[in-house]
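Below is the file my_file25.pdb, which contains PDB, C-alpha atoms.
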```
ATOM      1  CA  MET G   1       0.336 -19.615 -12.043
ATOM      2  CA  MET G   2       3.617 -20.387 -13.657
ATOM      3  CA  GLY G   3       5.798 -18.255 -15.844
ATOM      4  CA  HIS G   4       6.166 -15.141 -13.712
ATOM      5  CA  ILE G   5       9.344 -15.979 -11.891
ATOM      6  CA  ASP G   6      10.958 -12.837 -13.278
ATOM      7  CA  ASP G   7       7.998 -10.588 -12.653
ATOM      8  CA  PRO G   8       6.628 -10.929  -9.115
ATOM      9  CA  CYS G   9       4.160  -8.049  -9.635
ATOM     10  CA  ALA G  10       2.539  -9.803 -12.599
ATOM     11  CA  HIS G  11       2.270 -12.920 -10.477
ATOM     12  CA  CYS G  12       0.806 -10.924  -7.610
ATOM     13  CA  GLU G  13      -1.728  -9.408  -9.985
ATOM     14  CA  GLU G  14      -2.870 -12.881 -11.020
ATOM     15  CA  MET G  15      -3.412 -13.757  -7.378
ATOM     16  CA  MET G  16      -5.438 -10.641  -6.582
ATOM     17  CA  GLN G  17      -8.983 -11.842  -7.319
ATOM     18  CA  PRO G  18      -8.557 -15.273  -5.724
ATOM     19  CA  TYR G  19      -6.817 -13.602  -2.756
ATOM     20  CA  LEU G  20      -9.708 -11.202  -2.177
ATOM     21  CA  ASP G  21     -12.158 -14.081  -2.616
ATOM     22  CA  HIS G  22     -10.232 -16.051   0.053
ATOM     23  CA  ILE G  23      -9.714 -19.037  -2.196
ATOM     24  CA  LEU G  24      -5.918 -19.160  -2.390
ATOM     25  CA  ASN G  25      -4.317 -22.063  -0.595
ATOM     26  CA  GLU G  26      -2.185 -21.266   2.432
ATOM     27  CA  GLU G  27       1.078 -21.328   0.508
ATOM     28  CA  GLU G  28      -0.200 -18.978  -2.222
ATOM     29  CA  LYS G  29      -1.756 -16.681   0.351
ATOM     30  CA  LEU G  30       1.537 -16.338   2.209
ATOM     31  CA  GLU G  31       3.320 -15.753  -1.073
ATOM     32  CA  ALA G  32       0.906 -12.934  -2.008
ATOM     33  CA  GLU G  33       1.202 -11.397   1.464
ATOM     34  CA  ALA G  34       4.985 -11.564   1.430
ATOM     35  CA  HIS G  35       5.046  -9.688  -1.859
ATOM     36  CA  LEU G  36       2.425  -7.161  -0.706
ATOM     37  CA  SER G  37       4.378  -6.419   2.451
ATOM     38  CA  GLU G  38       7.302  -5.170   0.409
ATOM     39  CA  CYS G  39       5.590  -3.808  -2.705
ATOM     40  CA  ASP G  40       3.677  -0.583  -2.284
ATOM     41  CA  TRP G  41       2.772  -0.591  -5.988
ATOM     42  CA  CYS G  42       0.824  -3.865  -5.750
ATOM     43  CA  ARG G  43      -0.543  -3.050  -2.291
ATOM     44  CA  ARG G  44      -2.230   0.085  -3.633
ATOM     45  CA  ARG G  45      -3.803  -1.888  -6.420
ATOM     46  CA  TYR G  46      -5.142  -4.559  -4.049
ATOM     47  CA  ARG G  47      -6.594  -1.864  -1.810
ATOM     48  CA  PHE G  48      -8.199  -0.213  -4.795
ATOM     49  CA  GLU G  49      -9.820  -3.498  -5.887
ATOM     50  CA  GLU G  50     -11.234  -3.998  -2.409
ATOM     51  CA  SER G  51     -12.650  -0.465  -2.327
ATOM     52  CA  LEU G  52     -14.048  -0.898  -5.823
ATOM     53  CA  ARG G  53     -15.972  -4.029  -4.843
ATOM     54  CA  VAL G  54     -17.514  -2.311  -1.824
ATOM     55  CA  TYR G  55     -18.282   0.819  -3.827
ATOM     56  CA  VAL G  56     -19.923  -1.035  -6.736
ATOM     57  CA  ARG G  57     -22.107  -2.923  -4.313
ATOM     58  CA  GLN G  58     -23.155   0.274  -2.556
ATOM     59  CA  VAL G  59     -24.007   2.317  -5.607
ATOM     60  CA  VAL G  60     -25.940  -0.336  -7.527
ATOM     61  CA  THR G  61     -28.161  -1.276  -4.600
ATOM     62  CA  GLU G  62     -31.585   0.254  -5.099
ATOM     63  CA  PRO G  63     -34.333   0.053  -2.511
ATOM     64  CA  MET G  64     -37.307  -2.023  -3.547
ATOM     65  CA  PRO G  65     -40.297   0.147  -4.498
ATOM     66  CA  ALA G  66     -42.904   0.101  -1.696
ATOM     67  CA  GLU G  67     -45.608  -0.500  -4.276
ATOM     68  CA  LEU G  68     -43.937  -3.684  -5.445
ATOM     69  CA  LYS G  69     -43.839  -4.940  -1.888
ATOM     70  CA  LEU G  70     -47.614  -4.503  -1.634
ATOM     71  CA  LYS G  71     -48.115  -6.255  -4.965
ATOM     72  CA  LEU G  72     -46.107  -9.238  -3.745
ATOM     73  CA  ALA G  73     -48.121  -9.489  -0.538
ATOM     74  CA  ALA G  74     -51.299  -9.459  -2.652
ATOM     75  CA  LEU G  75     -50.050 -12.501  -4.555
ATOM     76  CA  ARG G  76     -50.395 -14.698  -1.475
ATOM     77  CA  LEU G  77     -52.908 -17.476  -1.946
ATOM     78  CA  PRO G  78     -56.195 -17.106  -0.095
ATOM     79  CA  LEU G  79     -56.678 -19.398   2.872
ATOM     80  CA  GLU G  80     -59.088 -22.182   2.054
TER      81      GLU G  80
ATOM     82  CA  MET K  81     -64.789 -32.316  23.340
ATOM     83  CA  ALA K  82     -64.469 -34.381  20.170
ATOM     84  CA  GLU K  83     -61.076 -34.368  18.467
ATOM     85  CA  ALA K  84     -60.869 -32.716  15.056
ATOM     86  CA  PRO K  85     -60.941 -35.274  12.252
ATOM     87  CA  PRO K  86     -57.455 -36.163  10.947
ATOM     88  CA  ASP K  87     -58.169 -34.439   7.629
ATOM     89  CA  ALA K  88     -58.981 -31.160   9.324
ATOM     90  CA  ALA K  89     -55.825 -31.378  11.425
ATOM     91  CA  ARG K  90     -53.764 -31.976   8.321
ATOM     92  CA  LEU K  91     -55.367 -29.067   6.500
ATOM     93  CA  ALA K  92     -54.694 -26.774   9.427
ATOM     94  CA  SER K  93     -51.058 -27.782   9.632
ATOM     95  CA  ASP K  94     -50.728 -27.390   5.867
ATOM     96  CA  ALA K  95     -52.150 -23.886   6.047
ATOM     97  CA  ARG K  96     -49.743 -23.007   8.839
ATOM     98  CA  ASP K  97     -46.779 -24.253   6.809
ATOM     99  CA  ARG K  98     -47.918 -22.296   3.789
ATOM    100  CA  VAL K  99     -48.380 -19.050   5.703
ATOM    101  CA  HIS K 100     -44.986 -19.548   7.290
ATOM    102  CA  PHE K 101     -43.426 -20.118   3.856
ATOM    103  CA  GLU K 102     -45.097 -17.023   2.381
ATOM    104  CA  GLU K 103     -43.969 -14.839   5.240
ATOM    105  CA  GLU K 104     -40.431 -16.083   5.052
ATOM    106  CA  ALA K 105     -40.365 -15.543   1.274
ATOM    107  CA  LEU K 106     -41.799 -12.028   1.574
ATOM    108  CA  GLY K 107     -39.201 -11.229   4.216
ATOM    109  CA  LEU K 108     -36.514 -11.902   1.616
ATOM    110  CA  SER K 109     -38.064  -9.717  -1.079
ATOM    111  CA  ASP K 110     -35.652  -6.797  -0.602
ATOM    112  CA  GLN K 111     -32.703  -9.107  -1.162
ATOM    113  CA  VAL K 112     -34.388 -10.776  -4.121
ATOM    114  CA  TYR K 113     -35.130  -7.396  -5.683
ATOM    115  CA  ARG K 114     -31.560  -6.190  -5.199
ATOM    116  CA  VAL K 115     -30.328  -9.033  -7.375
ATOM    117  CA  ALA K 116     -33.266  -8.977  -9.818
ATOM    118  CA  ARG K 117     -32.742  -5.286 -10.500
ATOM    119  CA  HIS K 118     -29.420  -6.025 -12.182
ATOM    120  CA  LEU K 119     -30.220  -9.403 -13.694
ATOM    121  CA  ALA K 120     -33.051  -7.732 -15.600
ATOM    122  CA  GLY K 121     -32.410  -4.968 -18.104
ATOM    123  CA  SER K 122     -34.580  -2.299 -16.478
ATOM    124  CA  ARG K 123     -36.562  -1.448 -13.336
ATOM    125  CA  GLU K 124     -39.813  -2.360 -15.064
ATOM    126  CA  GLU K 125     -38.476  -5.754 -16.092
ATOM    127  CA  ALA K 126     -37.137  -6.332 -12.589
ATOM    128  CA  ASP K 127     -40.576  -5.483 -11.166
ATOM    129  CA  ASP K 128     -42.309  -7.967 -13.467
ATOM    130  CA  LEU K 129     -39.707 -10.612 -12.864
ATOM    131  CA  VAL K 130     -39.993 -10.383  -9.086
ATOM    132  CA  GLN K 131     -43.792 -10.545  -9.260
ATOM    133  CA  GLU K 132     -43.720 -13.572 -11.551
ATOM    134  CA  THR K 133     -41.196 -15.208  -9.252
ATOM    135  CA  TYR K 134     -43.347 -14.744  -6.168
ATOM    136  CA  ALA K 135     -46.507 -15.827  -7.964
ATOM    137  CA  ARG K 136     -44.776 -19.025  -9.008
ATOM    138  CA  ALA K 137     -43.147 -19.544  -5.614
ATOM    139  CA  PHE K 138     -46.495 -19.197  -3.804
ATOM    140  CA  ARG K 139     -48.087 -21.693  -6.176
ATOM    141  CA  SER K 140     -45.323 -24.257  -5.850
ATOM    142  CA  TRP K 141     -44.405 -23.748  -2.210
ATOM    143  CA  ARG K 142     -44.660 -27.481  -1.577
ATOM    144  CA  SER K 143     -41.620 -28.150  -3.721
ATOM    145  CA  TYR K 144     -39.461 -26.033  -1.397
ATOM    146  CA  GLN K 145     -37.650 -28.177   1.129
ATOM    147  CA  PRO K 146     -37.821 -26.461   4.538
ATOM    148  CA  GLY K 147     -34.434 -25.844   6.081
ATOM    149  CA  THR K 148     -32.687 -25.316   2.742
ATOM    150  CA  ASN K 149     -31.686 -21.922   1.372
ATOM    151  CA  LEU K 150     -34.959 -20.186   0.486
ATOM    152  CA  ARG K 151     -33.244 -17.128  -0.992
ATOM    153  CA  ALA K 152     -31.328 -19.361  -3.420
ATOM    154  CA  TRP K 153     -34.539 -21.277  -4.195
ATOM    155  CA  LEU K 154     -36.326 -18.030  -5.095
ATOM    156  CA  LEU K 155     -33.398 -16.857  -7.194
ATOM    157  CA  ARG K 156     -33.363 -20.151  -9.062
ATOM    158  CA  ILE K 157     -36.988 -19.532 -10.075
ATOM    159  CA  LEU K 158     -36.145 -15.952 -10.976
ATOM    160  CA  THR K 159     -33.150 -16.752 -13.179
ATOM    161  CA  ASN K 160     -35.116 -19.485 -14.988
ATOM    162  CA  LEU K 161     -37.948 -17.044 -15.648
ATOM    163  CA  ASN K 162     -35.441 -14.471 -16.833
ATOM    164  CA  ILE K 163     -34.012 -16.933 -19.331
ATOM    165  CA  ASP K 164     -37.533 -17.978 -20.410
ATOM    166  CA  ARG K 165     -38.346 -14.371 -21.110
ATOM    167  CA  GLY K 166     -36.051 -14.843 -24.039
ATOM    168  CA  ARG K 167     -33.219 -12.535 -23.271
ATOM    169  CA  LYS K 168     -31.001 -12.459 -26.293
ATOM    170  CA  ALA K 169     -27.942 -14.649 -26.401
ATOM    171  CA  GLN K 170     -24.882 -12.458 -26.433
ATOM    172  CA  ARG K 171     -21.619 -13.278 -27.969
ATOM    173  CA  THR K 172     -18.737 -13.563 -25.555
ATOM    174  CA  PRO K 173     -16.581 -10.528 -26.134
ATOM    175  CA  PRO K 174     -13.063 -11.270 -27.293
ATOM    176  CA  MET K 175     -10.342 -10.794 -24.687
ATOM    177  CA  GLN K 176      -9.023  -7.317 -25.367
ATOM    178  CA  GLY K 177      -5.906  -5.543 -24.270
ATOM    179  CA  LEU K 178      -7.600  -3.648 -21.469
ATOM    180  CA  GLU K 179      -9.048  -6.848 -20.085
ATOM    181  CA  ALA K 180      -5.859  -8.794 -20.141
ATOM    182  CA  ASN K 181      -4.849  -7.682 -16.674
ATOM    183  CA  ASP K 182      -6.464  -6.680 -13.414
ATOM    184  CA  TYR K 183      -4.645  -3.480 -12.546
ATOM    185  CA  PHE K 184      -5.470  -1.308 -15.529
ATOM    186  CA  LEU K 185      -8.529   0.463 -14.090
ATOM    187  CA  TYR K 186      -6.573   1.693 -11.092
ATOM    188  CA  ASP K 187      -3.727   2.744 -13.387
ATOM    189  CA  ARG K 188      -6.157   4.575 -15.655
ATOM    190  CA  LEU K 189      -7.916   6.381 -12.818
ATOM    191  CA  SER K 190      -4.848   7.336 -10.854
ATOM    192  CA  GLU K 191      -3.077   8.472 -14.038
ATOM    193  CA  SER K 192      -5.892  10.785 -14.994
ATOM    194  CA  ASP K 193      -5.795  12.240 -11.519
ATOM    195  CA  GLY K 194      -2.141  13.075 -11.645
ATOM    196  CA  GLY K 195      -0.950  10.216  -9.442
ATOM    197  CA  ILE K 196      -3.495  10.408  -6.630
ATOM    198  CA  SER K 197      -2.395   8.444  -3.603
ATOM    199  CA  ASP K 198      -5.555   7.553  -1.703
ATOM    200  CA  GLU K 199      -7.056   4.356  -3.139
ATOM    201  CA  ASP K 200     -10.392   4.913  -1.415
ATOM    202  CA  ARG K 201     -10.734   8.295  -3.087
ATOM    203  CA  VAL K 202      -9.805   6.936  -6.486
ATOM    204  CA  VAL K 203     -12.976   4.823  -6.723
ATOM    205  CA  GLU K 204     -15.077   7.865  -6.035
ATOM    206  CA  ARG K 205     -14.052   9.257  -9.389
ATOM    207  CA  LEU K 206     -16.535   6.762 -10.791
ATOM    208  CA  SER K 207     -20.105   8.027 -10.705
ATOM    209  CA  GLN K 208     -23.133   5.909  -9.872
ATOM    210  CA  ASP K 209     -24.227   6.250 -13.517
ATOM    211  CA  ASP K 210     -20.819   5.048 -14.737
ATOM    212  CA  ILE K 211     -21.118   1.942 -12.594
ATOM    213  CA  VAL K 212     -24.752   1.099 -13.320
ATOM    214  CA  SER K 213     -24.208   1.550 -17.034
ATOM    215  CA  ALA K 214     -20.928  -0.399 -17.037
ATOM    216  CA  LEU K 215     -22.614  -3.275 -15.196
ATOM    217  CA  SER K 216     -25.461  -3.376 -17.676
ATOM    218  CA  SER K 217     -22.917  -3.567 -20.520
ATOM    219  CA  VAL K 218     -21.399  -6.767 -19.170
ATOM    220  CA  PRO K 219     -22.795  -9.733 -21.187
ATOM    221  CA  HIS K 220     -25.497 -11.702 -19.345
ATOM    222  CA  ASP K 221     -23.544 -14.843 -18.600
ATOM    223  CA  PHE K 222     -20.848 -12.867 -16.822
ATOM    224  CA  ARG K 223     -23.186 -10.316 -15.287
ATOM    225  CA  ASP K 224     -25.414 -12.982 -13.709
ATOM    226  CA  VAL K 225     -22.469 -14.310 -11.747
ATOM    227  CA  ILE K 226     -21.211 -10.864 -10.672
ATOM    228  CA  VAL K 227     -24.699  -9.869  -9.560
ATOM    229  CA  LEU K 228     -25.239 -13.053  -7.556
ATOM    230  CA  VAL K 229     -21.827 -13.200  -5.892
ATOM    231  CA  ASP K 230     -20.646  -9.587  -5.607
ATOM    232  CA  ILE K 231     -23.999  -7.875  -5.141
ATOM    233  CA  GLY K 232     -26.295 -10.618  -3.839
ATOM    234  CA  ASP K 233     -23.667 -12.137  -1.554
ATOM    235  CA  PHE K 234     -24.284 -15.699  -2.718
ATOM    236  CA  SER K 235     -21.521 -18.274  -2.333
ATOM    237  CA  TYR K 236     -19.955 -19.813  -5.446
ATOM    238  CA  GLN K 237     -21.837 -22.987  -4.580
ATOM    239  CA  ASP K 238     -25.216 -21.230  -4.398
ATOM    240  CA  ALA K 239     -24.536 -19.335  -7.629
ATOM    241  CA  ALA K 240     -23.659 -22.626  -9.342
ATOM    242  CA  GLN K 241     -26.949 -24.154  -8.204
ATOM    243  CA  ILE K 242     -29.028 -21.119  -9.091
ATOM    244  CA  LEU K 243     -27.578 -20.894 -12.594
ATOM    245  CA  ASP K 244     -27.232 -24.670 -12.996
ATOM    246  CA  ILE K 245     -23.587 -24.461 -14.042
ATOM    247  CA  PRO K 246     -20.457 -26.070 -12.570
ATOM    248  CA  ILE K 247     -18.695 -24.190  -9.779
ATOM    249  CA  GLY K 248     -15.568 -23.901 -11.938
ATOM    250  CA  THR K 249     -17.625 -22.021 -14.508
ATOM    251  CA  VAL K 250     -18.892 -19.668 -11.791
ATOM    252  CA  MET K 251     -15.294 -18.900 -10.839
ATOM    253  CA  SER K 252     -14.044 -18.361 -14.362
ATOM    254  CA  ARG K 253     -17.041 -16.204 -15.332
ATOM    255  CA  LEU K 254     -16.645 -14.153 -12.190
ATOM    256  CA  HIS K 255     -12.963 -13.563 -12.847
ATOM    257  CA  ARG K 256     -13.558 -12.648 -16.462
ATOM    258  CA  GLY K 257     -16.753 -10.698 -15.737
ATOM    259  CA  ARG K 258     -15.021  -8.459 -13.203
ATOM    260  CA  ARG K 259     -12.375  -7.669 -15.784
ATOM    261  CA  ILE K 260     -15.020  -6.847 -18.378
ATOM    262  CA  LEU K 261     -16.727  -4.587 -15.838
ATOM    263  CA  LYS K 262     -13.438  -2.799 -15.201
ATOM    264  CA  ARG K 263     -12.847  -2.450 -18.924
ATOM    265  CA  GLU K 264     -16.269  -0.833 -19.297
ATOM    266  CA  LEU K 265     -15.490   1.505 -16.381
ATOM    267  CA  ALA K 266     -12.113   2.412 -17.824
ATOM    268  CA  GLU K 267     -13.769   3.211 -21.129
ATOM    269  CA  SER K 268     -16.304   5.472 -19.470
ATOM    270  CA  VAL K 269     -13.472   7.329 -17.737
ATOM    271  CA  LEU K 270     -11.655   7.675 -21.052
ATOM    272  CA  GLU K 271     -14.781   9.056 -22.734
ATOM    273  CA  GLU K 272     -15.303  11.594 -19.965
ATOM    274  CA  GLY K 273     -11.695  12.692 -20.266
ATOM    275  CA  GLU K 274     -12.002  13.414 -23.994
TER     276      GLU K 274
END
```

Mind converting the file's structure to structure tokens?
Amino acid sequence: MMGHIDDPCAHCEEMMQPYLDHILNEEEKLEAEAHLSECDWCRRRYRFEESLRVYVRQVVTEPMPAELKLKLAALRLPLE
Amino acid sequence: MAEAPPDAARLASDARDRVHFEEEALGLSDQVYRVARHLAGSREEADDLVQETYARAFRSWRSYQPGTNLRAWLLRILTNLNIDRGRKAQRTPPMQGLEANDYFLYDRLSESDGGISDEDRVVERLSQDDIVSALSSVPHDFRDVIVLVDIGDFSYQDAAQILDIPIGTVMSRLHRGRRILKRELAESVLEEGE
């Protein structure tokens, strides 16, 4: 994560996914949080990413068809 | 009363273990389906895939090691079957401008809404159809990882074992796959705006 000394927002953007996945080391995490605390522009974009992840998960989740559940139960092996 | 012969006792304990395994596996079927639905191309394929998975799991229940992650074990069977079904190899899409950064989808959505300020509302501009279709446009290798981690809630470690790839590859595909997904979403927003 080098090469963004002059552009802290670009650096913050690079840290967004690992930050939200909780895989930054302590030093990087503090660095991201320090920038977020003073940069509304980046903060909005982090919040959006978080909402997007939750939203995607919600809308793509389909309940399993009841019929399929019965079919699976019927696949059980008979007791000898 | 005479004791049951050792063979009978073993058979009974075997049957108990098997029933226990089957019940535990069936109890996870909703979670298995949730992931299968988006690993497979359609509902019908997901249905078949889940049935094949359970048929195979019930036959080979002895190879499951009790106490380990049964959901990951089932998903490992399912992803192998999915690959065996001969899904077509897809070329990795070239890194394009829209994918080069992580903020563009938000920028695109908030722009087209005249600078909306509530981030939670911005996502709601994306319809369920936009999202389902964008996810299905993400090439398999990347989609598998997104579906396992972001939708199925598997750890990187579990996803690596299920897909039989190194954990570093899980992380890089996830990072890239999420960007591809956002590119697809941004494109659907652009199309709707035309």

Between CA of Leu158 (chain K) and CA of Leu119 (chain K), what is the distance in Å, rounded to a tenth? 9.2 Å

Could you list, as a list of chain:residue names, the residues of chain K having an atom within 7 Å of chain G when counting all atoms listed in the file?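 Every residue of chain K that passes the 7 Å test is in K:Glu102, K:Asp110, K:Tyr113, K:Arg114, K:Asp127, K:Gln131, K:Tyr134, K:Ala135, K:Phe138, K:Asp182, K:Tyr183, K:Tyr186, K:Glu199, K:Asp200, K:Val203, K:Gln208, K:Ile211, K:Val212, K:Asp230, K:Ile231.
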
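CA of Arg156 (chain K) to CA of Leu243 (chain K) spans 6.8 Å [interatomic distance, one decimal].
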
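We find CA of Leu189 (chain K) and CA of Pro219 (chain K) to be spaced 23.5 Å apart.
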
Find the residues with any atom within 10 Å of (-23.3, 8.9, -18.3); use only C-alpha atoms and the coordinates as given in the file, and write the answer as a PDB file with C-alpha atoms, in the coordinates of the input.
```pdb
ATOM      1  CA  SER K 207     -20.105   8.027 -10.705  1.00  0.00           C
ATOM      2  CA  GLN K 208     -23.133   5.909  -9.872  1.00  0.00           C
ATOM      3  CA  ASP K 209     -24.227   6.250 -13.517  1.00  0.00           C
ATOM      4  CA  ASP K 210     -20.819   5.048 -14.737  1.00  0.00           C
ATOM      5  CA  ILE K 211     -21.118   1.942 -12.594  1.00  0.00           C
ATOM      6  CA  VAL K 212     -24.752   1.099 -13.320  1.00  0.00           C
ATOM      7  CA  SER K 213     -24.208   1.550 -17.034  1.00  0.00           C
ATOM      8  CA  ALA K 214     -20.928  -0.399 -17.037  1.00  0.00           C
ATOM      9  CA  SER K 268     -16.304   5.472 -19.470  1.00  0.00           C
ATOM     10  CA  VAL K 269     -13.472   7.329 -17.737  1.00  0.00           C
ATOM     11  CA  GLU K 271     -14.781   9.056 -22.734  1.00  0.00           C
ATOM     12  CA  GLU K 272     -15.303  11.594 -19.965  1.00  0.00           C
TER      13      GLU K 272
END
```

Applied to this file, what does the PyMOL selection byres ((chain K and resi 249-263) around 7) return in terms of residues, put as a list in words?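 This file gives the following for the PyMOL selection byres ((chain K and resi 249-263) around 7): Leu178, Glu179, Asp182, Leu185, Ala214, Leu215, Val218, Phe222, Arg223, Val225, Ile226, Tyr236, Ala240, Ile245, Pro246, Ile247, Gly248, Glu264, Leu265, Ala266 and Glu267 of chain K.
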
Protein and nucleic acid residues near (-45.4, -24.3, -0.5) (cut-off 12 Å, only C-alpha atoms) as an mmCIF file with C-alpha atoms, in the frame of the given file:
```cif
data_model
loop_
_atom_site.group_PDB
_atom_site.id
_atom_site.type_symbol
_atom_site.label_atom_id
_atom_site.label_comp_id
_atom_site.auth_asym_id
_atom_site.auth_seq_id
_atom_site.Cartn_x
_atom_site.Cartn_y
_atom_site.Cartn_z
ATOM 1 C CA ARG G 76 -50.395 -14.698 -1.475
ATOM 2 C CA LEU G 77 -52.908 -17.476 -1.946
ATOM 3 C CA ASP K 94 -50.728 -27.390 5.867
ATOM 4 C CA ALA K 95 -52.150 -23.886 6.047
ATOM 5 C CA ARG K 96 -49.743 -23.007 8.839
ATOM 6 C CA ASP K 97 -46.779 -24.253 6.809
ATOM 7 C CA ARG K 98 -47.918 -22.296 3.789
ATOM 8 C CA VAL K 99 -48.380 -19.050 5.703
ATOM 9 C CA HIS K 100 -44.986 -19.548 7.290
ATOM 10 C CA PHE K 101 -43.426 -20.118 3.856
ATOM 11 C CA GLU K 102 -45.097 -17.023 2.381
ATOM 12 C CA GLU K 103 -43.969 -14.839 5.240
ATOM 13 C CA GLU K 104 -40.431 -16.083 5.052
ATOM 14 C CA ALA K 105 -40.365 -15.543 1.274
ATOM 15 C CA TYR K 134 -43.347 -14.744 -6.168
ATOM 16 C CA ALA K 135 -46.507 -15.827 -7.964
ATOM 17 C CA ARG K 136 -44.776 -19.025 -9.008
ATOM 18 C CA ALA K 137 -43.147 -19.544 -5.614
ATOM 19 C CA PHE K 138 -46.495 -19.197 -3.804
ATOM 20 C CA ARG K 139 -48.087 -21.693 -6.176
ATOM 21 C CA SER K 140 -45.323 -24.257 -5.850
ATOM 22 C CA TRP K 141 -44.405 -23.748 -2.210
ATOM 23 C CA ARG K 142 -44.660 -27.481 -1.577
ATOM 24 C CA SER K 143 -41.620 -28.150 -3.721
ATOM 25 C CA TYR K 144 -39.461 -26.033 -1.397
ATOM 26 C CA GLN K 145 -37.650 -28.177 1.129
ATOM 27 C CA PRO K 146 -37.821 -26.461 4.538
ATOM 28 C CA LEU K 150 -34.959 -20.186 0.486
ATOM 29 C CA TRP K 153 -34.539 -21.277 -4.195
ATOM 30 C CA LEU K 154 -36.326 -18.030 -5.095
#
```

Would you list the contacts of Ala152 (chain K) as a list in words, taking every protein, DNA or RNA residue within 10 Å and counting all atoms listed in the file, but skipping same-chain residues closer than 3 positions in sequence? Val112, Thr148, Asn149, Leu155, Arg156, Ile157, Leu158, Leu228, Phe234, Ser235, Asp238, Ala239, Gln241 and Ile242 of chain K

Take the residues from that selection and write them out as an mmCIF file, keeping the file's coordinate frame, keeping C-alpha atoms.
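Result file is result_39.cif:
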```
data_model
loop_
_atom_site.group_PDB
_atom_site.id
_atom_site.type_symbol
_atom_site.label_atom_id
_atom_site.label_comp_id
_atom_site.auth_asym_id
_atom_site.auth_seq_id
_atom_site.Cartn_x
_atom_site.Cartn_y
_atom_site.Cartn_z
ATOM 1 C CA VAL K 112 -34.388 -10.776 -4.121
ATOM 2 C CA THR K 148 -32.687 -25.316 2.742
ATOM 3 C CA ASN K 149 -31.686 -21.922 1.372
ATOM 4 C CA LEU K 155 -33.398 -16.857 -7.194
ATOM 5 C CA ARG K 156 -33.363 -20.151 -9.062
ATOM 6 C CA ILE K 157 -36.988 -19.532 -10.075
ATOM 7 C CA LEU K 158 -36.145 -15.952 -10.976
ATOM 8 C CA LEU K 228 -25.239 -13.053 -7.556
ATOM 9 C CA PHE K 234 -24.284 -15.699 -2.718
ATOM 10 C CA SER K 235 -21.521 -18.274 -2.333
ATOM 11 C CA ASP K 238 -25.216 -21.230 -4.398
ATOM 12 C CA ALA K 239 -24.536 -19.335 -7.629
ATOM 13 C CA GLN K 241 -26.949 -24.154 -8.204
ATOM 14 C CA ILE K 242 -29.028 -21.119 -9.091
#
```

Any chance you could work out the axis-aligned box around region 85-90 of chain K, listed atoms only, 4 Å on each side, giving centre and edge lengths in Å to one decimal, as lines of an AutoDock Vina configuration file?
```
center_x = -57.4
center_y = -33.7
center_z = 9.9
size_x = 15.2
size_y = 13.0
size_z = 12.6
```
